[in-house]
file final09.cif (mmCIF, C-alpha atoms, pLDDT in the B column; chains and numbers go by the auth columns)
data_model
loop_
_atom_site.group_PDB
_atom_site.id
_atom_site.type_symbol
_atom_site.label_atom_id
_atom_site.label_comp_id
_atom_site.label_asym_id
_atom_site.label_seq_id
_atom_site.Cartn_x
_atom_site.Cartn_y
_atom_site.Cartn_z
_atom_site.B_iso_or_equiv
_atom_site.auth_seq_id
_atom_site.auth_asym_id
ATOM 1 C CA MET A 1 86.175 21.166 85.364 49.00 1 A
ATOM 2 C CA SER A 2 86.720 18.128 87.306 52.00 2 A
ATOM 3 C CA LEU A 3 84.075 15.830 88.683 52.00 3 A
ATOM 4 C CA ASP A 4 85.206 16.413 92.282 55.00 4 A
ATOM 5 C CA TYR A 5 84.808 20.146 91.914 54.00 5 A
ATOM 6 C CA GLU A 6 81.247 19.693 90.604 54.00 6 A
ATOM 7 C CA ARG A 7 80.348 17.438 93.531 54.00 7 A
ATOM 8 C CA SER A 8 81.688 19.908 96.030 54.00 8 A
ATOM 9 C CA ARG A 9 79.648 22.752 94.495 55.00 9 A
ATOM 10 C CA SER A 10 76.386 20.798 94.443 56.00 10 A
ATOM 11 C CA ASN A 11 76.884 19.234 97.870 55.00 11 A
ATOM 12 C CA PRO A 12 78.505 21.698 100.246 55.00 12 A
ATOM 13 C CA PRO A 13 80.301 20.231 103.236 54.00 13 A
ATOM 14 C CA GLN A 14 77.954 19.330 106.073 55.00 14 A
ATOM 15 C CA GLY A 15 80.307 20.037 108.914 48.00 15 A
ATOM 16 C CA PRO A 16 80.129 23.066 111.197 55.00 16 A
ATOM 17 C CA THR A 17 81.149 26.216 109.459 66.00 17 A
ATOM 18 C CA ARG A 18 82.426 29.232 111.243 76.00 18 A
ATOM 19 C CA LEU A 19 80.592 32.434 110.355 74.00 19 A
ATOM 20 C CA SER A 20 82.169 35.815 110.625 85.00 20 A
ATOM 21 C CA LEU A 21 80.907 38.361 113.147 85.00 21 A
ATOM 22 C CA ARG A 22 79.244 40.366 110.406 85.00 22 A
ATOM 23 C CA GLU A 23 77.404 37.327 109.058 85.00 23 A
ATOM 24 C CA ARG A 24 76.248 36.269 112.540 85.00 24 A
ATOM 25 C CA THR A 25 74.986 39.806 113.281 87.00 25 A
ATOM 26 C CA LEU A 26 73.168 39.925 109.964 84.00 26 A
ATOM 27 C CA GLU A 27 71.549 36.555 110.643 84.00 27 A
ATOM 28 C CA MET A 28 70.415 37.648 114.132 82.00 28 A
ATOM 29 C CA VAL A 29 68.949 40.865 112.741 82.00 29 A
ATOM 30 C CA GLN A 30 67.077 38.936 110.061 80.00 30 A
ATOM 31 C CA GLN A 31 65.685 36.521 112.634 80.00 31 A
ATOM 32 C CA ALA A 32 64.660 39.403 114.927 78.00 32 A
ATOM 33 C CA TRP A 33 62.876 41.301 112.121 76.00 33 A
ATOM 34 C CA ARG A 34 60.351 38.540 111.529 78.00 34 A
ATOM 35 C CA PRO A 35 58.675 38.700 114.973 82.00 35 A
ATOM 36 C CA ALA A 36 59.151 42.467 115.136 82.00 36 A
ATOM 37 C CA GLY A 37 57.576 42.875 111.698 83.00 37 A
ATOM 38 C CA THR A 38 54.686 40.675 112.753 87.00 38 A
ATOM 39 C CA LEU A 39 54.221 42.740 115.910 89.00 39 A
ATOM 40 C CA VAL A 40 54.296 45.997 113.952 90.00 40 A
ATOM 41 C CA ALA A 41 51.789 44.646 111.406 91.00 41 A
ATOM 42 C CA PHE A 42 49.508 43.478 114.242 93.00 42 A
ATOM 43 C CA ALA A 43 49.730 46.865 115.988 94.00 43 A
ATOM 44 C CA LEU A 44 48.909 48.686 112.747 94.00 44 A
ATOM 45 C CA ALA A 45 45.945 46.373 112.129 94.00 45 A
ATOM 46 C CA MET A 46 44.640 47.004 115.653 93.00 46 A
ATOM 47 C CA LEU A 47 45.068 50.764 115.231 91.00 47 A
ATOM 48 C CA PHE A 48 43.251 50.646 111.907 89.00 48 A
ATOM 49 C CA GLY A 49 40.455 48.554 113.452 88.00 49 A
ATOM 50 C CA TRP A 50 40.076 50.997 116.327 87.00 50 A
ATOM 51 C CA GLY A 51 39.884 53.863 113.835 85.00 51 A
ATOM 52 C CA VAL A 52 37.192 52.085 111.842 82.00 52 A
ATOM 53 C CA VAL A 53 35.048 51.579 114.936 82.00 53 A
ATOM 54 C CA ASN A 54 35.707 54.699 117.024 84.00 54 A
ATOM 55 C CA GLY A 55 37.224 57.192 114.592 81.00 55 A
ATOM 56 C CA LYS A 56 35.757 60.492 113.441 82.00 56 A
ATOM 57 C CA HIS A 57 33.977 58.751 110.564 82.00 57 A
ATOM 58 C CA GLY A 58 33.853 55.301 112.183 84.00 58 A
ATOM 59 C CA LEU A 59 31.016 52.930 112.912 86.00 59 A
ATOM 60 C CA SER A 60 30.024 54.690 116.142 85.00 60 A
ATOM 61 C CA ALA A 61 29.645 58.044 114.392 88.00 61 A
ATOM 62 C CA TRP A 62 27.830 56.348 111.526 89.00 62 A
ATOM 63 C CA GLU A 63 25.343 54.716 113.915 91.00 63 A
ATOM 64 C CA GLN A 64 24.704 58.060 115.657 92.00 64 A
ATOM 65 C CA GLN A 65 24.062 59.673 112.279 93.00 65 A
ATOM 66 C CA ARG A 66 21.634 56.874 111.371 95.00 66 A
ATOM 67 C CA MET A 67 19.731 57.357 114.645 96.00 67 A
ATOM 68 C CA GLN A 68 19.567 61.115 114.080 97.00 68 A
ATOM 69 C CA ASP A 69 18.399 60.520 110.507 97.00 69 A
ATOM 70 C CA ARG A 70 15.600 58.194 111.706 97.00 70 A
ATOM 71 C CA LYS A 71 14.560 60.737 114.338 98.00 71 A
ATOM 72 C CA LEU A 72 14.462 63.588 111.820 98.00 72 A
ATOM 73 C CA ARG A 73 12.532 61.480 109.284 98.00 73 A
ATOM 74 C CA GLN A 74 9.950 60.648 111.954 98.00 74 A
ATOM 75 C CA GLU A 75 9.708 64.324 112.904 98.00 75 A
ATOM 76 C CA ILE A 76 9.205 65.265 109.245 98.00 76 A
ATOM 77 C CA GLN A 77 6.495 62.634 108.891 98.00 77 A
ATOM 78 C CA ASP A 78 4.729 63.895 112.031 98.00 78 A
ATOM 79 C CA LEU A 79 4.870 67.485 110.785 98.00 79 A
ATOM 80 C CA GLN A 80 3.521 66.459 107.376 98.00 80 A
ATOM 81 C CA GLN A 81 0.595 64.692 109.071 98.00 81 A
ATOM 82 C CA GLU A 82 -0.039 67.759 111.223 97.00 82 A
ATOM 83 C CA ASN A 83 0.042 69.986 108.117 98.00 83 A
ATOM 84 C CA ALA A 84 -2.437 67.693 106.346 97.00 84 A
ATOM 85 C CA ARG A 85 -4.753 67.784 109.379 97.00 85 A
ATOM 86 C CA LEU A 86 -4.556 71.591 109.539 96.00 86 A
ATOM 87 C CA ARG A 87 -5.192 71.918 105.782 96.00 87 A
ATOM 88 C CA ASP A 88 -8.252 69.712 106.166 95.00 88 A
ATOM 89 C CA HIS A 89 -9.449 71.820 109.107 92.00 89 A
ATOM 90 C CA ILE A 90 -8.955 75.030 107.107 94.00 90 A
ATOM 91 C CA GLN A 91 -10.871 73.557 104.189 94.00 91 A
ATOM 92 C CA HIS A 92 -13.763 72.655 106.509 91.00 92 A
ATOM 93 C CA LEU A 93 -13.777 76.177 107.945 91.00 93 A
ATOM 94 C CA LYS A 94 -13.912 77.652 104.450 92.00 94 A
ATOM 95 C CA THR A 95 -16.773 75.457 103.227 91.00 95 A
ATOM 96 C CA ASP A 96 -18.751 74.014 106.163 91.00 96 A
ATOM 97 C CA PRO A 97 -21.028 76.385 108.139 90.00 97 A
ATOM 98 C CA ASP A 98 -21.313 73.870 110.987 89.00 98 A
ATOM 99 C CA ALA A 99 -17.512 73.879 111.391 89.00 99 A
ATOM 100 C CA ILE A 100 -17.524 77.682 111.502 88.00 100 A
ATOM 101 C CA GLU A 101 -20.265 77.646 114.158 87.00 101 A
ATOM 102 C CA HIS A 102 -18.409 75.037 116.196 87.00 102 A
ATOM 103 C CA GLU A 103 -15.208 77.147 116.178 87.00 103 A
ATOM 104 C CA ALA A 104 -17.139 80.304 117.105 84.00 104 A
ATOM 105 C CA ARG A 105 -18.720 78.533 120.076 82.00 105 A
ATOM 106 C CA GLU A 106 -15.421 76.945 121.228 83.00 106 A
ATOM 107 C CA GLN A 107 -12.954 79.785 120.679 85.00 107 A
ATOM 108 C CA LEU A 108 -15.091 82.910 121.060 83.00 108 A
ATOM 109 C CA HIS A 109 -17.733 81.531 123.460 77.00 109 A
ATOM 110 C CA TYR A 110 -20.578 82.630 121.186 82.00 110 A
ATOM 111 C CA ALA A 111 -24.080 81.467 122.054 82.00 111 A
ATOM 112 C CA ARG A 112 -27.405 81.270 120.258 82.00 112 A
ATOM 113 C CA PRO A 113 -30.198 83.464 121.474 84.00 113 A
ATOM 114 C CA GLY A 114 -31.646 82.057 124.718 85.00 114 A
ATOM 115 C CA GLU A 115 -28.588 79.916 125.531 83.00 115 A
ATOM 116 C CA VAL A 116 -26.573 80.361 128.714 82.00 116 A
ATOM 117 C CA ILE A 117 -22.881 79.447 128.752 78.00 117 A
ATOM 118 C CA TYR A 118 -21.242 78.314 131.944 80.00 118 A
ATOM 119 C CA THR A 119 -17.474 78.466 131.953 77.00 119 A
ATOM 120 C CA LEU A 120 -15.632 76.290 134.439 81.00 120 A
ATOM 121 C CA PRO A 121 -12.057 77.002 135.475 83.00 121 A
ATOM 122 C CA GLU A 122 -9.557 74.800 133.694 82.00 122 A
ATOM 123 C CA ASN A 123 -7.649 73.922 136.884 79.00 123 A
ATOM 124 C CA PRO A 124 -10.063 73.484 139.778 66.00 124 A
ATOM 125 C CA GLN A 125 -8.533 75.011 142.901 69.00 125 A
ATOM 126 C CA THR A 126 -9.032 73.271 146.203 67.00 126 A
ATOM 127 C CA GLN A 127 -10.192 75.497 149.003 65.00 127 A
ATOM 128 C CA PRO A 128 -8.254 75.269 152.274 61.00 128 A
ATOM 129 C CA THR A 129 -10.135 73.746 155.156 64.00 129 A
ATOM 130 C CA SER A 130 -10.861 76.001 158.099 63.00 130 A
ATOM 131 C CA ASP A 131 -10.376 73.391 160.836 61.00 131 A
ATOM 132 C CA GLY A 132 -7.201 75.131 162.070 55.00 132 A
ATOM 133 C CA LYS A 133 -4.591 72.711 160.785 54.00 133 A
#

call {"tool": "encode", "arguments": {"input": "final09.cif", "output": "structure tokens"}}
result
Amino acid sequence: MSLDYERSRSNPPQGPTRLSLRERTLEMVQQAWRPAGTLVAFALAMLFGWGVVNGKHGLSAWEQQRMQDRKLRQEIQDLQQENARLRDHIQHLKTDPDAIEHEAREQLHYARPGEVIYTLPENPQTQPTSDGK
């Protein structure tokens, strides 16, 4: 190989070269794919982000489930407290004669000998005035 041939291979000519139609089309397609690929990747990322936030199992659904879980836990706690209070009340009724007497007086309107019980209506009714209006 000659020295001139080696120089020409390592340093291609710098002048304008004429590309064939196929090469120009291929170059334009390659240049167009970069922005199009970026746009497609951006659109897919936005779609994925929307799915994460608003999808069937997204953040919105997760937050609703957390709120429902908190509500149900509070309801369970309230019911457990109510059950404990009722168990305590039942235990008092089984063992304490004063508690039994109190319930008999409240629920059944029992009275001791010589006592008079007055029962008032729960919702006092107002009587209409007779002044003709």

call {"tool": "atom_distance", "arguments": {"input": "final09.cif", "atom1": "atom CA of A:His109", "atom2": "atom CA of A:Glu122"}}
result
14.7 Å

call {"tool": "axis_aligned_box", "arguments": {"input": "final09.cif", "around": "stretch 31-37 of chain A", "padding_each_side": "3 Å", "output": "AutoDock Vina command-line options"}}
result
--center_x 61.6 --center_y 39.7 --center_z 113.3 --size_x 14.1 --size_y 12.4 --size_z 9.6

call {"tool": "atom_distance", "arguments": {"input": "final09.cif", "atom1": "atom CA of A:Asn54", "atom2": "atom CA of A:Arg70"}}
result
21.1 Å

call {"tool": "atom_distance", "arguments": {"input": "final09.cif", "atom1": "atom CA of A:Glu115", "atom2": "atom CA of A:Glu101"}}
result
14.3 Å

call {"tool": "build_atoms", "arguments": {"input": "final09.cif", "residues": "stretch 66-93 of chain A", "atoms": "N, CA and C atoms", "output": "short mmCIF file (atom, residue, chain, number, x, y, z; two decimals), in the coordinates of the input"}}
result
data_model
loop_
_atom_site.label_atom_id
_atom_site.label_comp_id
_atom_site.auth_asym_id
_atom_site.auth_seq_id
_atom_site.Cartn_x
_atom_site.Cartn_y
_atom_site.Cartn_z
N ARG A 66 22.82 57.63 111.78
CA ARG A 66 21.63 56.87 111.37
C ARG A 66 20.49 57.11 112.35
N MET A 67 20.78 57.12 113.65
CA MET A 67 19.73 57.36 114.64
C MET A 67 19.17 58.76 114.49
N GLN A 68 20.03 59.74 114.27
CA GLN A 68 19.57 61.12 114.08
C GLN A 68 18.74 61.22 112.81
N ASP A 69 19.15 60.51 111.76
CA ASP A 69 18.40 60.52 110.51
C ASP A 69 17.00 59.93 110.71
N ARG A 70 16.92 58.80 111.42
CA ARG A 70 15.60 58.19 111.71
C ARG A 70 14.72 59.15 112.50
N LYS A 71 15.31 59.80 113.50
CA LYS A 71 14.56 60.74 114.34
C LYS A 71 14.03 61.90 113.51
N LEU A 72 14.88 62.46 112.65
CA LEU A 72 14.46 63.59 111.82
C LEU A 72 13.42 63.17 110.79
N ARG A 73 13.54 61.97 110.23
CA ARG A 73 12.53 61.48 109.28
C ARG A 73 11.18 61.32 109.98
N GLN A 74 11.20 60.80 111.20
CA GLN A 74 9.95 60.65 111.95
C GLN A 74 9.34 62.01 112.26
N GLU A 75 10.18 62.97 112.62
CA GLU A 75 9.71 64.32 112.90
C GLU A 75 9.10 64.96 111.65
N ILE A 76 9.74 64.75 110.51
CA ILE A 76 9.20 65.26 109.24
C ILE A 76 7.85 64.64 108.94
N GLN A 77 7.75 63.33 109.15
CA GLN A 77 6.50 62.63 108.89
C GLN A 77 5.39 63.16 109.82
N ASP A 78 5.72 63.36 111.09
CA ASP A 78 4.73 63.90 112.03
C ASP A 78 4.28 65.29 111.63
N LEU A 79 5.22 66.12 111.21
CA LEU A 79 4.87 67.48 110.78
C LEU A 79 4.04 67.47 109.50
N GLN A 80 4.32 66.57 108.59
CA GLN A 80 3.52 66.46 107.38
C GLN A 80 2.09 66.03 107.71
N GLN A 81 1.94 65.11 108.65
CA GLN A 81 0.60 64.69 109.07
C GLN A 81 -0.14 65.85 109.74
N GLU A 82 0.56 66.60 110.57
CA GLU A 82 -0.04 67.76 111.22
C GLU A 82 -0.46 68.80 110.19
N ASN A 83 0.39 69.05 109.19
CA ASN A 83 0.04 69.99 108.12
C ASN A 83 -1.19 69.52 107.35
N ALA A 84 -1.27 68.23 107.06
CA ALA A 84 -2.44 67.69 106.35
C ALA A 84 -3.70 67.87 107.19
N ARG A 85 -3.59 67.61 108.49
CA ARG A 85 -4.75 67.78 109.38
C ARG A 85 -5.19 69.25 109.42
N LEU A 86 -4.22 70.16 109.51
CA LEU A 86 -4.56 71.59 109.54
C LEU A 86 -5.14 72.07 108.20
N ARG A 87 -4.61 71.56 107.08
CA ARG A 87 -5.19 71.92 105.78
C ARG A 87 -6.64 71.45 105.69
N ASP A 88 -6.89 70.25 106.17
CA ASP A 88 -8.25 69.71 106.17
C ASP A 88 -9.16 70.57 107.05
N HIS A 89 -8.68 70.98 108.20
CA HIS A 89 -9.45 71.82 109.11
C HIS A 89 -9.75 73.18 108.46
N ILE A 90 -8.76 73.75 107.79
CA ILE A 90 -8.96 75.03 107.11
C ILE A 90 -9.99 74.88 106.00
N GLN A 91 -9.91 73.79 105.27
CA GLN A 91 -10.87 73.56 104.19
C GLN A 91 -12.28 73.44 104.74
N HIS A 92 -12.44 72.76 105.88
CA HIS A 92 -13.76 72.66 106.51
C HIS A 92 -14.25 74.04 106.95
N LEU A 93 -13.36 74.84 107.51
CA LEU A 93 -13.78 76.18 107.94
C LEU A 93 -14.18 77.06 106.77
#
